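Printed here is work14.cif (mmCIF, C-alpha atoms):
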```cif
data_upload
#
loop_
_atom_site.label_atom_id
_atom_site.label_comp_id
_atom_site.auth_asym_id
_atom_site.auth_seq_id
_atom_site.Cartn_x
_atom_site.Cartn_y
_atom_site.Cartn_z
CA MET V 1 90.46 -109.03 -33.50
CA GLY V 2 87.34 -106.94 -32.77
CA ARG V 3 86.22 -109.30 -30.00
CA GLN V 4 89.68 -109.36 -28.43
CA ARG V 5 89.86 -105.57 -28.56
CA ALA V 6 86.45 -105.23 -26.90
CA ASP V 7 87.43 -107.65 -24.15
CA ALA V 8 90.69 -105.77 -23.54
CA GLU V 9 88.84 -102.46 -23.41
CA ALA V 10 86.28 -103.78 -20.93
CA LEU V 11 89.04 -105.18 -18.73
CA ALA V 12 90.98 -101.91 -18.82
CA VAL V 13 88.11 -99.63 -17.80
CA ALA V 14 85.91 -101.85 -15.62
CA SER V 15 87.56 -100.93 -12.33
CA TRP V 16 88.57 -97.38 -13.25
CA PRO V 17 87.08 -94.73 -10.92
CA GLU V 18 84.50 -92.24 -12.12
CA ILE V 19 86.00 -89.29 -13.99
CA SER V 20 85.15 -85.77 -12.94
CA ARG V 21 83.33 -83.48 -15.35
CA GLU V 22 86.33 -81.15 -15.54
CA ARG V 23 88.73 -84.00 -16.30
CA ARG V 24 86.35 -85.38 -18.91
CA ARG V 25 86.22 -81.99 -20.64
CA GLU V 26 90.00 -81.69 -20.56
CA LEU V 27 90.50 -85.10 -22.12
CA THR V 28 87.77 -84.56 -24.71
CA ARG V 29 89.32 -81.26 -25.81
CA PHE V 30 92.78 -82.80 -26.08
CA LEU V 31 91.57 -85.83 -28.03
CA ALA V 32 89.55 -83.63 -30.37
CA SER V 33 92.70 -81.61 -31.11
CA CYS V 34 94.32 -84.89 -32.26
CA GLY V 35 91.33 -85.97 -34.33
CA VAL V 36 90.20 -88.70 -31.89
CA ARG V 37 86.58 -89.26 -30.86
CA ALA V 38 86.31 -91.71 -27.98
CA ARG V 39 83.24 -93.34 -26.46
CA ARG V 40 84.91 -94.59 -23.30
CA ILE V 41 87.00 -91.75 -21.98
CA ALA V 42 88.25 -93.84 -19.04
CA LEU V 43 90.68 -95.69 -21.30
CA PHE V 44 92.31 -92.43 -22.34
CA ASP V 45 92.32 -91.22 -18.76
CA GLN V 46 94.38 -94.29 -17.93
CA ALA V 47 96.67 -93.70 -20.93
CA LEU V 48 97.47 -90.25 -19.57
CA THR V 49 98.00 -91.34 -15.96
CA HIS V 50 101.60 -91.85 -14.86
CA SER V 51 102.45 -94.54 -12.30
CA SER V 52 103.43 -91.88 -9.72
CA TYR V 53 99.92 -90.40 -9.82
CA ALA V 54 98.28 -93.82 -9.77
CA PHE V 55 100.31 -94.81 -6.70
CA GLU V 56 99.47 -91.63 -4.79
CA HIS V 57 95.74 -91.96 -5.50
CA GLY V 58 95.40 -95.73 -5.16
CA LEU V 59 94.22 -96.22 -8.73
CA PRO V 60 93.86 -99.77 -10.10
CA GLY V 61 96.33 -99.14 -12.94
CA ASP V 62 98.44 -96.67 -14.88
CA ASN V 63 99.58 -96.21 -18.48
CA GLU V 64 102.49 -98.67 -18.55
CA ARG V 65 100.65 -101.59 -20.19
CA LEU V 66 99.18 -99.28 -22.83
CA GLU V 67 102.68 -97.86 -23.35
CA PHE V 68 103.98 -101.37 -24.07
CA LEU V 69 101.25 -101.90 -26.66
CA GLY V 70 101.64 -98.49 -28.28
CA ASP V 71 105.41 -98.84 -28.55
CA SER V 72 105.01 -101.97 -30.69
CA LEU V 73 102.26 -100.43 -32.80
CA ILE V 74 104.24 -97.28 -33.59
CA SER V 75 107.29 -99.30 -34.60
CA PHE V 76 105.17 -101.51 -36.88
CA PHE V 77 103.23 -98.68 -38.55
CA VAL V 78 106.35 -96.56 -39.10
CA ALA V 79 108.27 -99.54 -40.52
CA PHE V 80 105.52 -100.31 -43.04
CA TRP V 81 105.14 -96.63 -43.94
CA LEU V 82 108.87 -96.32 -44.65
CA PHE V 83 108.84 -99.62 -46.56
CA GLU V 84 106.14 -98.32 -48.90
CA ALA V 85 107.40 -94.75 -49.16
CA ARG V 86 111.04 -95.64 -49.90
CA PRO V 87 111.01 -98.61 -52.32
CA HIS V 88 114.68 -98.19 -53.23
CA SER V 89 116.11 -97.84 -49.69
CA GLN V 90 118.13 -100.73 -48.30
CA GLU V 91 117.38 -102.49 -45.01
CA GLY V 92 120.10 -100.67 -43.10
CA VAL V 93 118.86 -97.25 -44.19
CA LEU V 94 115.26 -98.11 -43.37
CA SER V 95 116.24 -99.43 -39.94
CA LYS V 96 118.11 -96.24 -39.14
CA GLN V 97 115.21 -94.06 -40.27
CA ARG V 98 112.73 -96.06 -38.22
CA ALA V 99 114.95 -95.94 -35.13
CA THR V 100 115.13 -92.16 -35.42
CA LEU V 101 111.39 -91.67 -35.87
CA VAL V 102 110.38 -93.95 -32.99
CA SER V 103 113.05 -92.76 -30.55
CA ARG V 104 111.65 -91.75 -27.18
CA ALA V 105 113.27 -88.31 -27.41
CA LEU V 106 111.60 -87.46 -30.74
CA LEU V 107 108.29 -88.92 -29.62
CA GLY V 108 108.56 -86.71 -26.55
CA ARG V 109 109.09 -83.62 -28.67
CA ARG V 110 106.10 -84.52 -30.78
CA ALA V 111 103.95 -85.18 -27.69
CA ARG V 112 104.90 -81.75 -26.34
CA ASP V 113 103.93 -80.10 -29.64
CA MET V 114 100.60 -81.95 -29.52
CA GLY V 115 99.90 -80.45 -26.10
CA LEU V 116 100.05 -83.77 -24.26
CA GLY V 117 101.90 -82.37 -21.23
CA PRO V 118 99.02 -80.59 -19.43
CA PRO V 119 96.53 -83.52 -19.51
CA LEU V 120 99.21 -86.01 -18.38
CA ARG V 121 98.66 -86.71 -14.68
CA VAL V 122 101.76 -87.23 -12.53
CA GLY V 123 102.38 -87.42 -8.79
CA ARG V 124 102.64 -84.27 -6.67
CA GLY V 125 106.42 -84.44 -6.33
CA ASP V 126 106.87 -85.03 -10.03
CA ALA V 127 104.45 -82.21 -10.85
CA ARG V 128 106.53 -79.78 -8.81
CA SER V 129 109.62 -80.74 -10.81
CA ALA V 130 107.72 -80.40 -14.13
CA ILE V 131 108.32 -84.06 -14.93
CA ASN V 132 105.30 -84.00 -17.24
CA GLN V 133 107.38 -81.90 -19.62
CA ARG V 134 110.29 -84.35 -19.84
CA PRO V 135 110.69 -85.67 -23.40
CA THR V 136 111.16 -89.29 -22.34
CA LEU V 137 108.06 -89.32 -20.14
CA LEU V 138 106.00 -87.50 -22.75
CA GLY V 139 107.17 -90.02 -25.34
CA SER V 140 106.02 -92.88 -23.12
CA ALA V 141 102.63 -91.24 -22.66
CA LEU V 142 102.27 -90.79 -26.42
CA GLU V 143 102.93 -94.51 -26.85
CA ALA V 144 100.22 -95.25 -24.28
CA LEU V 145 97.87 -92.95 -26.15
CA VAL V 146 98.44 -94.93 -29.35
CA GLY V 147 97.67 -98.12 -27.46
CA ALA V 148 94.40 -96.61 -26.26
CA VAL V 149 93.46 -95.47 -29.78
CA PHE V 150 94.00 -99.02 -31.02
CA ILE V 151 91.87 -100.59 -28.29
CA GLU V 152 89.09 -98.03 -28.67
CA LEU V 153 88.99 -97.51 -32.43
CA GLY V 154 90.85 -100.39 -34.06
CA LEU V 155 93.91 -101.07 -36.19
CA GLU V 156 93.09 -98.76 -39.11
CA ALA V 157 92.33 -95.80 -36.87
CA ALA V 158 95.52 -96.40 -34.89
CA ARG V 159 97.54 -96.53 -38.11
CA ASP V 160 96.00 -93.30 -39.38
CA PHE V 161 96.66 -91.64 -36.03
CA VAL V 162 100.33 -92.70 -35.96
CA LEU V 163 100.97 -91.53 -39.52
CA ARG V 164 99.01 -88.29 -39.23
CA GLU V 165 100.08 -87.20 -35.76
CA ILE V 166 103.53 -88.78 -35.40
CA ALA V 167 105.33 -90.12 -38.46
CA VAL V 168 104.60 -87.39 -41.01
CA PRO V 169 105.19 -84.40 -38.66
CA LEU V 170 108.39 -85.93 -37.25
CA GLN V 171 109.73 -86.71 -40.71
CA ALA V 172 109.15 -83.09 -41.67
CA ASP V 173 111.05 -81.98 -38.56
CA ILE V 174 113.94 -84.32 -39.27
CA GLU V 175 114.31 -82.87 -42.74
CA LYS V 176 114.71 -79.38 -41.32
CA VAL V 177 118.19 -77.92 -41.05
CA ASP V 178 118.68 -78.55 -37.31
CA TYR V 179 118.27 -82.30 -37.75
CA GLN V 180 120.80 -82.70 -40.55
CA ASP V 181 124.15 -84.34 -39.77
CA HIS V 182 126.28 -81.21 -39.74
CA LYS V 183 129.14 -82.95 -37.93
CA SER V 184 129.75 -85.14 -40.96
CA LEU V 185 129.39 -82.18 -43.35
CA LEU V 186 131.86 -80.12 -41.32
CA GLN V 187 134.38 -82.93 -41.02
CA GLU V 188 134.32 -83.53 -44.76
CA LEU V 189 134.81 -79.83 -45.49
CA VAL V 190 137.61 -79.32 -42.95
CA GLN V 191 139.52 -82.42 -44.05
CA LYS V 192 139.24 -81.35 -47.67
CA ARG V 193 140.40 -77.79 -47.07
CA LEU V 194 142.74 -78.07 -44.09
CA HIS V 195 143.53 -81.80 -43.84
CA ARG V 196 142.50 -81.70 -40.19
CA THR V 197 139.65 -82.97 -38.02
CA PRO V 198 137.35 -80.65 -36.01
CA GLU V 199 137.57 -80.98 -32.23
CA TYR V 200 134.58 -80.72 -29.89
CA GLU V 201 134.78 -79.50 -26.32
CA THR V 202 132.08 -79.43 -23.64
CA ILE V 203 132.47 -76.09 -21.92
CA SER V 204 129.38 -76.09 -19.68
CA GLU V 205 126.70 -78.31 -18.13
CA PHE V 206 123.81 -76.82 -16.20
CA GLY V 207 120.29 -77.50 -14.98
CA PRO V 208 118.74 -80.31 -12.86
CA GLU V 209 119.65 -83.88 -13.71
CA HIS V 210 116.42 -84.61 -15.61
CA GLU V 211 116.65 -81.32 -17.57
CA LYS V 212 120.40 -80.95 -17.97
CA ARG V 213 121.69 -78.84 -20.84
CA PHE V 214 125.10 -78.80 -22.50
CA ILE V 215 127.13 -76.12 -24.25
CA ILE V 216 129.72 -77.43 -26.70
CA ARG V 217 132.13 -75.61 -28.95
CA VAL V 218 133.89 -76.82 -32.07
CA LEU V 219 137.55 -75.96 -32.62
CA ILE V 220 139.43 -75.92 -35.92
CA ASN V 221 143.18 -75.43 -35.64
CA GLY V 222 142.61 -74.42 -32.02
CA ARG V 223 140.21 -71.65 -33.00
CA GLU V 224 136.56 -71.64 -31.94
CA TYR V 225 134.26 -71.72 -34.97
CA GLY V 226 130.89 -72.55 -33.49
CA LEU V 227 128.97 -72.85 -30.23
CA GLY V 228 125.95 -75.09 -29.63
CA GLU V 229 123.50 -75.77 -26.81
CA GLY V 230 121.10 -78.68 -26.28
CA GLN V 231 119.62 -81.23 -23.90
CA ARG V 232 121.94 -83.85 -25.38
CA LYS V 233 125.63 -83.50 -26.13
CA LYS V 234 124.92 -84.86 -29.59
CA ASP V 235 122.43 -82.08 -30.34
CA ALA V 236 124.70 -79.37 -28.94
CA ALA V 237 127.65 -80.64 -30.99
CA ASN V 238 125.55 -80.81 -34.15
CA GLN V 239 124.37 -77.24 -33.63
CA ALA V 240 127.97 -76.08 -33.11
CA ALA V 241 129.00 -77.93 -36.27
CA ARG V 242 126.22 -76.27 -38.25
CA LYS V 243 127.40 -72.80 -37.22
CA ALA V 244 131.02 -73.69 -37.99
CA TYR V 245 130.09 -75.15 -41.37
CA GLU V 246 128.07 -72.08 -42.34
CA ARG V 247 130.93 -69.84 -41.24
CA LEU V 248 133.49 -71.75 -43.29
CA VAL V 249 131.29 -71.73 -46.38
CA LYS V 250 130.76 -67.99 -45.99
CA GLU V 251 134.51 -67.38 -45.62
CA GLU V 252 135.19 -69.48 -48.70
CA LYS V 253 132.70 -67.45 -50.76
CA GLU V 254 134.18 -64.18 -49.54
CA THR V 255 137.68 -65.35 -50.42
CA LYS V 256 136.64 -66.32 -53.95
CA GLY V 257 134.88 -62.99 -54.38
CA LYS V 258 138.05 -61.00 -53.79
#
```
Give the structure from the file, written as structure tokens.
Amino acid sequence: MGRQRADAEALAVASWPEISRERRRELTRFLASCGVRARRIALFDQALTHSSYAFEHGLPGDNERLEFLGDSLISFFVAFWLFEARPHSQEGVLSKQRATLVSRALLGRRARDMGLGPPLRVGRGDARSAINQRPTLLGSALEALVGAVFIELGLEAARDFVLREIAVPLQADIEKVDYQDHKSLLQELVQKRLHRTPEYETISEFGPEHEKRFIIRVLINGREYGLGEGQRKKDAANQAARKAYERLVKEEKETKGK
């Protein structure tokens, strides 16, 4: 494995152009913030180089092959982590949890929180449209970064990186209130109390196509009970459901207190 990794590393960086001192400092600072010490910075330069930038500057490669590798590594490490951490969970539950943690959208959020956006190089047109802040593209770059960590530092270091920087922080985020399934909670409460089903209505869409946002409201008996906003309809609806659920619970407590 060590010999194969060394050969892959040599192949990846052999034809990569010389890195400027400023770029080297930028990458070194970013990697240090993630707990990564790299000997060959060119590999990480490639991991954080989008195909649009590579095309414009005639570079010999981009981060897509490293993304392919990192995607598989993240899925494997997260699966084994969940397997060990949840010995009583069934296969279906584990699969759902893994799918959530390795989703491109969540990886993109985590990459943004890690500060991966600024060192990610994209083409001039994409830079003007702030494409390096898009969750899906950031998620892809984070996958490429994991691939580079594996090639540079090995399997154990890559596993530690994925768990420390991705799996554990994302799991903590998922367990926060905004990630809970409030649509199911609201539906159960409304059916129990009113024998009805909440209705969701998209009342607004705005923003450019790659950064579109949605505003959705939830109606109960034709009355608006909650309003939510998000980059995905699912997130906006869940936020609206949370507000409606909290409102109904509050009303129920006030009624009992009278």
Please identify every residue of segment 63-160 of chain V that has at least one atom no farther than 10 Å from an atom of segment 38-50 of chain V, counting only C-alpha atoms, and for each give the shortest atom pair and the distance in Å to one decimal, arranged by chain then increasing number, as CSV.
```
residue,atom,partner,partner_atom,distance
V:Asn63,CA,V:Ala47,CA,4.6
V:Glu64,CA,V:His50,CA,7.8
V:Arg65,CA,V:Ala47,CA,8.9
V:Leu66,CA,V:Ala47,CA,6.4
V:Glu67,CA,V:Ala47,CA,7.7
V:Leu116,CA,V:Leu48,CA,8.4
V:Gly117,CA,V:Leu48,CA,9.2
V:Pro118,CA,V:Leu48,CA,9.8
V:Pro119,CA,V:Leu48,CA,6.8
V:Leu120,CA,V:Leu48,CA,4.7
V:Arg121,CA,V:Thr49,CA,4.8
V:Val122,CA,V:His50,CA,5.2
V:Gly123,CA,V:His50,CA,7.6
V:Asp126,CA,V:His50,CA,9.9
V:Asn132,CA,V:His50,CA,9.0
V:Leu137,CA,V:His50,CA,8.7
V:Leu138,CA,V:Leu48,CA,9.5
V:Ser140,CA,V:His50,CA,9.4
V:Ala141,CA,V:Leu48,CA,6.1
V:Leu142,CA,V:Ala47,CA,8.4
V:Glu143,CA,V:Ala47,CA,8.7
V:Ala144,CA,V:Ala47,CA,5.1
V:Leu145,CA,V:Ala47,CA,5.4
V:Val146,CA,V:Ala47,CA,8.7
V:Gly147,CA,V:Ala47,CA,7.9
V:Ala148,CA,V:Phe44,CA,6.1
V:Val149,CA,V:Phe44,CA,8.1
V:Ile151,CA,V:Leu43,CA,8.6
V:Glu152,CA,V:Ala38,CA,6.9
V:Leu153,CA,V:Ala38,CA,7.8
```
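Of the listed residues V:Phe55, V:Tyr225, V:Tyr200, V:Phe150, the one whose atoms come nearest to Ser72 of chain V is V:Phe150, with distances taken using all atoms listed in the file.
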Which centre and which edge lengths, in Å to one decimal, describe the axis-aligned box that holds all listed atoms of segment 99-113 of chain V after 8 Å is added on each side, as lines of an AutoDock Vina configuration file?
```
center_x = 109.5
center_y = -88.0
center_z = -31.1
size_x = 27.2
size_y = 31.8
size_z = 25.5
```
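Under the PyMOL selection byres ((chain V and resi 215) around 8), the matching residues in the shown file are Thr202, Ile203, Ser204, Glu205, Arg213, Phe214, Ile216, Arg217, Leu227, Gly228, Glu229, Gly230, Lys233 and Ala236 of chain V.
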Write the residues of the selection above to a file with C-alpha atoms, as an mmCIF file, in the coordinates of the input.
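result-v2.cif, written as the output of this step:
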```
data_model
loop_
_atom_site.group_PDB
_atom_site.id
_atom_site.type_symbol
_atom_site.label_atom_id
_atom_site.label_comp_id
_atom_site.auth_asym_id
_atom_site.auth_seq_id
_atom_site.Cartn_x
_atom_site.Cartn_y
_atom_site.Cartn_z
ATOM 1 C CA THR V 202 132.080 -79.430 -23.640
ATOM 2 C CA ILE V 203 132.470 -76.090 -21.920
ATOM 3 C CA SER V 204 129.380 -76.090 -19.680
ATOM 4 C CA GLU V 205 126.700 -78.310 -18.130
ATOM 5 C CA ARG V 213 121.690 -78.840 -20.840
ATOM 6 C CA PHE V 214 125.100 -78.800 -22.500
ATOM 7 C CA ILE V 216 129.720 -77.430 -26.700
ATOM 8 C CA ARG V 217 132.130 -75.610 -28.950
ATOM 9 C CA LEU V 227 128.970 -72.850 -30.230
ATOM 10 C CA GLY V 228 125.950 -75.090 -29.630
ATOM 11 C CA GLU V 229 123.500 -75.770 -26.810
ATOM 12 C CA GLY V 230 121.100 -78.680 -26.280
ATOM 13 C CA LYS V 233 125.630 -83.500 -26.130
ATOM 14 C CA ALA V 236 124.700 -79.370 -28.940
#
```
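Separating atom CA of Lys243 of chain V from atom CA of Gln191 of chain V is a distance of 16.9 Å.
Between atom CA of Glu254 of chain V and atom CA of Thr197 of chain V the interatomic distance comes to 22.7 Å.
For the set V:Ala244, V:Asp71, V:Arg98, V:Ala32, the residue with the smallest atom-to-atom gap to Phe83 of chain V is V:Arg98, counting all atoms listed in the file.
Closest approach to Gly226 of chain V from the set V:Leu186, V:Leu94, V:Leu194, V:Ile174 is made by V:Leu186, with distances taken over all atoms listed in the file.
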Spatial neighbours of Pro135 of chain V, 6 Å, only C-alpha atoms, chain gap at least 6 places, as a PyMOL selection string: chain V and resi 105+108-109
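Computed from the coordinates, the atom CA of Ser52 of chain V to atom CA of Gly154 of chain V distance equals 28.7 Å.
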Nearby residues, (103.5, -90.0, -47.8) file frame, 12 Å, all atoms listed in the file, as a PyMOL selection string: chain V and resi 78+80-86+160+163-164+167-169+171-172
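Comparing the minimum interatomic distances between Arg29 of chain V and each of V:Gly115, V:Gly61, V:Glu209, V:Glu175, counting all atoms listed in the file, we find that V:Gly115 sits nearest.
Here the question is which of V:Arg25, V:His88, V:Arg37, V:His57 gets nearest to Arg124 of chain V using all atoms listed in the file, and that residue is V:His57.
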Please, could N, CA and C atoms be added to segment 222-250 of chain V and the result written as a PDB file, keeping the file's coordinate frame?
```
ATOM      1  N   GLY V 222     142.574 -75.089 -33.312  1.00  0.00           N
ATOM      2  CA  GLY V 222     142.610 -74.420 -32.020  1.00  0.00           C
ATOM      3  C   GLY V 222     141.761 -73.179 -31.919  1.00  0.00           C
ATOM      4  N   ARG V 223     141.023 -72.862 -32.969  1.00  0.00           N
ATOM      5  CA  ARG V 223     140.210 -71.650 -33.000  1.00  0.00           C
ATOM      6  C   ARG V 223     138.731 -72.027 -32.936  1.00  0.00           C
ATOM      7  N   GLU V 224     137.985 -71.340 -32.075  1.00  0.00           N
ATOM      8  CA  GLU V 224     136.560 -71.640 -31.940  1.00  0.00           C
ATOM      9  C   GLU V 224     135.802 -71.148 -33.168  1.00  0.00           C
ATOM     10  N   TYR V 225     135.016 -72.063 -33.768  1.00  0.00           N
ATOM     11  CA  TYR V 225     134.260 -71.720 -34.970  1.00  0.00           C
ATOM     12  C   TYR V 225     132.757 -71.801 -34.767  1.00  0.00           C
ATOM     13  N   GLY V 226     132.327 -72.437 -33.694  1.00  0.00           N
ATOM     14  CA  GLY V 226     130.890 -72.550 -33.490  1.00  0.00           C
ATOM     15  C   GLY V 226     130.568 -72.978 -32.078  1.00  0.00           C
ATOM     16  N   LEU V 227     129.410 -72.532 -31.585  1.00  0.00           N
ATOM     17  CA  LEU V 227     128.970 -72.850 -30.230  1.00  0.00           C
ATOM     18  C   LEU V 227     127.549 -73.390 -30.318  1.00  0.00           C
ATOM     19  N   GLY V 228     127.281 -74.495 -29.593  1.00  0.00           N
ATOM     20  CA  GLY V 228     125.950 -75.090 -29.630  1.00  0.00           C
ATOM     21  C   GLY V 228     125.446 -75.434 -28.248  1.00  0.00           C
ATOM     22  N   GLU V 229     124.114 -75.435 -28.089  1.00  0.00           N
ATOM     23  CA  GLU V 229     123.500 -75.770 -26.810  1.00  0.00           C
ATOM     24  C   GLU V 229     122.346 -76.740 -27.035  1.00  0.00           C
ATOM     25  N   GLY V 230     122.190 -77.735 -26.141  1.00  0.00           N
ATOM     26  CA  GLY V 230     121.100 -78.680 -26.280  1.00  0.00           C
ATOM     27  C   GLY V 230     120.945 -79.553 -25.060  1.00  0.00           C
ATOM     28  N   GLN V 231     119.846 -80.321 -25.015  1.00  0.00           N
ATOM     29  CA  GLN V 231     119.620 -81.230 -23.900  1.00  0.00           C
ATOM     30  C   GLN V 231     120.488 -82.470 -23.996  1.00  0.00           C
ATOM     31  N   ARG V 232     121.011 -82.736 -25.189  1.00  0.00           N
ATOM     32  CA  ARG V 232     121.940 -83.850 -25.380  1.00  0.00           C
ATOM     33  C   ARG V 232     123.234 -83.307 -25.962  1.00  0.00           C
ATOM     34  N   LYS V 233     124.353 -83.929 -25.589  1.00  0.00           N
ATOM     35  CA  LYS V 233     125.630 -83.500 -26.130  1.00  0.00           C
ATOM     36  C   LYS V 233     125.635 -83.618 -27.661  1.00  0.00           C
ATOM     37  N   LYS V 234     124.981 -84.649 -28.154  1.00  0.00           N
ATOM     38  CA  LYS V 234     124.920 -84.860 -29.590  1.00  0.00           C
ATOM     39  C   LYS V 234     124.249 -83.690 -30.300  1.00  0.00           C
ATOM     40  N   ASP V 235     123.143 -83.198 -29.736  1.00  0.00           N
ATOM     41  CA  ASP V 235     122.430 -82.080 -30.340  1.00  0.00           C
ATOM     42  C   ASP V 235     123.244 -80.794 -30.265  1.00  0.00           C
ATOM     43  N   ALA V 236     123.884 -80.573 -29.107  1.00  0.00           N
ATOM     44  CA  ALA V 236     124.700 -79.370 -28.940  1.00  0.00           C
ATOM     45  C   ALA V 236     125.874 -79.368 -29.915  1.00  0.00           C
ATOM     46  N   ALA V 237     126.510 -80.536 -30.070  1.00  0.00           N
ATOM     47  CA  ALA V 237     127.650 -80.640 -30.990  1.00  0.00           C
ATOM     48  C   ALA V 237     127.207 -80.438 -32.425  1.00  0.00           C
ATOM     49  N   ASN V 238     126.052 -80.971 -32.785  1.00  0.00           N
ATOM     50  CA  ASN V 238     125.550 -80.810 -34.150  1.00  0.00           C
ATOM     51  C   ASN V 238     125.222 -79.355 -34.445  1.00  0.00           C
ATOM     52  N   GLN V 239     124.675 -78.660 -33.455  1.00  0.00           N
ATOM     53  CA  GLN V 239     124.370 -77.240 -33.630  1.00  0.00           C
ATOM     54  C   GLN V 239     125.650 -76.431 -33.792  1.00  0.00           C
ATOM     55  N   ALA V 240     126.680 -76.766 -32.983  1.00  0.00           N
ATOM     56  CA  ALA V 240     127.970 -76.080 -33.110  1.00  0.00           C
ATOM     57  C   ALA V 240     128.578 -76.338 -34.477  1.00  0.00           C
ATOM     58  N   ALA V 241     128.462 -77.577 -34.952  1.00  0.00           N
ATOM     59  CA  ALA V 241     129.000 -77.930 -36.270  1.00  0.00           C
ATOM     60  C   ALA V 241     128.292 -77.180 -37.376  1.00  0.00           C
ATOM     61  N   ARG V 242     126.970 -77.010 -37.237  1.00  0.00           N
ATOM     62  CA  ARG V 242     126.220 -76.270 -38.250  1.00  0.00           C
ATOM     63  C   ARG V 242     126.726 -74.831 -38.351  1.00  0.00           C
ATOM     64  N   LYS V 243     126.921 -74.188 -37.209  1.00  0.00           N
ATOM     65  CA  LYS V 243     127.400 -72.800 -37.220  1.00  0.00           C
ATOM     66  C   LYS V 243     128.810 -72.713 -37.810  1.00  0.00           C
ATOM     67  N   ALA V 244     129.660 -73.688 -37.461  1.00  0.00           N
ATOM     68  CA  ALA V 244     131.020 -73.690 -37.990  1.00  0.00           C
ATOM     69  C   ALA V 244     131.017 -73.928 -39.504  1.00  0.00           C
ATOM     70  N   TYR V 245     130.172 -74.847 -39.940  1.00  0.00           N
ATOM     71  CA  TYR V 245     130.090 -75.150 -41.370  1.00  0.00           C
ATOM     72  C   TYR V 245     129.628 -73.924 -42.149  1.00  0.00           C
ATOM     73  N   GLU V 246     128.584 -73.268 -41.667  1.00  0.00           N
ATOM     74  CA  GLU V 246     128.070 -72.080 -42.340  1.00  0.00           C
ATOM     75  C   GLU V 246     129.118 -70.974 -42.368  1.00  0.00           C
ATOM     76  N   ARG V 247     129.887 -70.863 -41.305  1.00  0.00           N
ATOM     77  CA  ARG V 247     130.930 -69.840 -41.240  1.00  0.00           C
ATOM     78  C   ARG V 247     132.036 -70.126 -42.254  1.00  0.00           C
ATOM     79  N   LEU V 248     132.445 -71.382 -42.345  1.00  0.00           N
ATOM     80  CA  LEU V 248     133.490 -71.750 -43.290  1.00  0.00           C
ATOM     81  C   LEU V 248     133.044 -71.544 -44.737  1.00  0.00           C
ATOM     82  N   VAL V 249     131.814 -71.918 -45.029  1.00  0.00           N
ATOM     83  CA  VAL V 249     131.290 -71.730 -46.380  1.00  0.00           C
ATOM     84  C   VAL V 249     131.236 -70.247 -46.731  1.00  0.00           C
ATOM     85  N   LYS V 250     130.815 -69.431 -45.774  1.00  0.00           N
ATOM     86  CA  LYS V 250     130.760 -67.990 -45.990  1.00  0.00           C
ATOM     87  C   LYS V 250     132.153 -67.421 -46.249  1.00  0.00           C
TER      88      LYS V 250
END
```
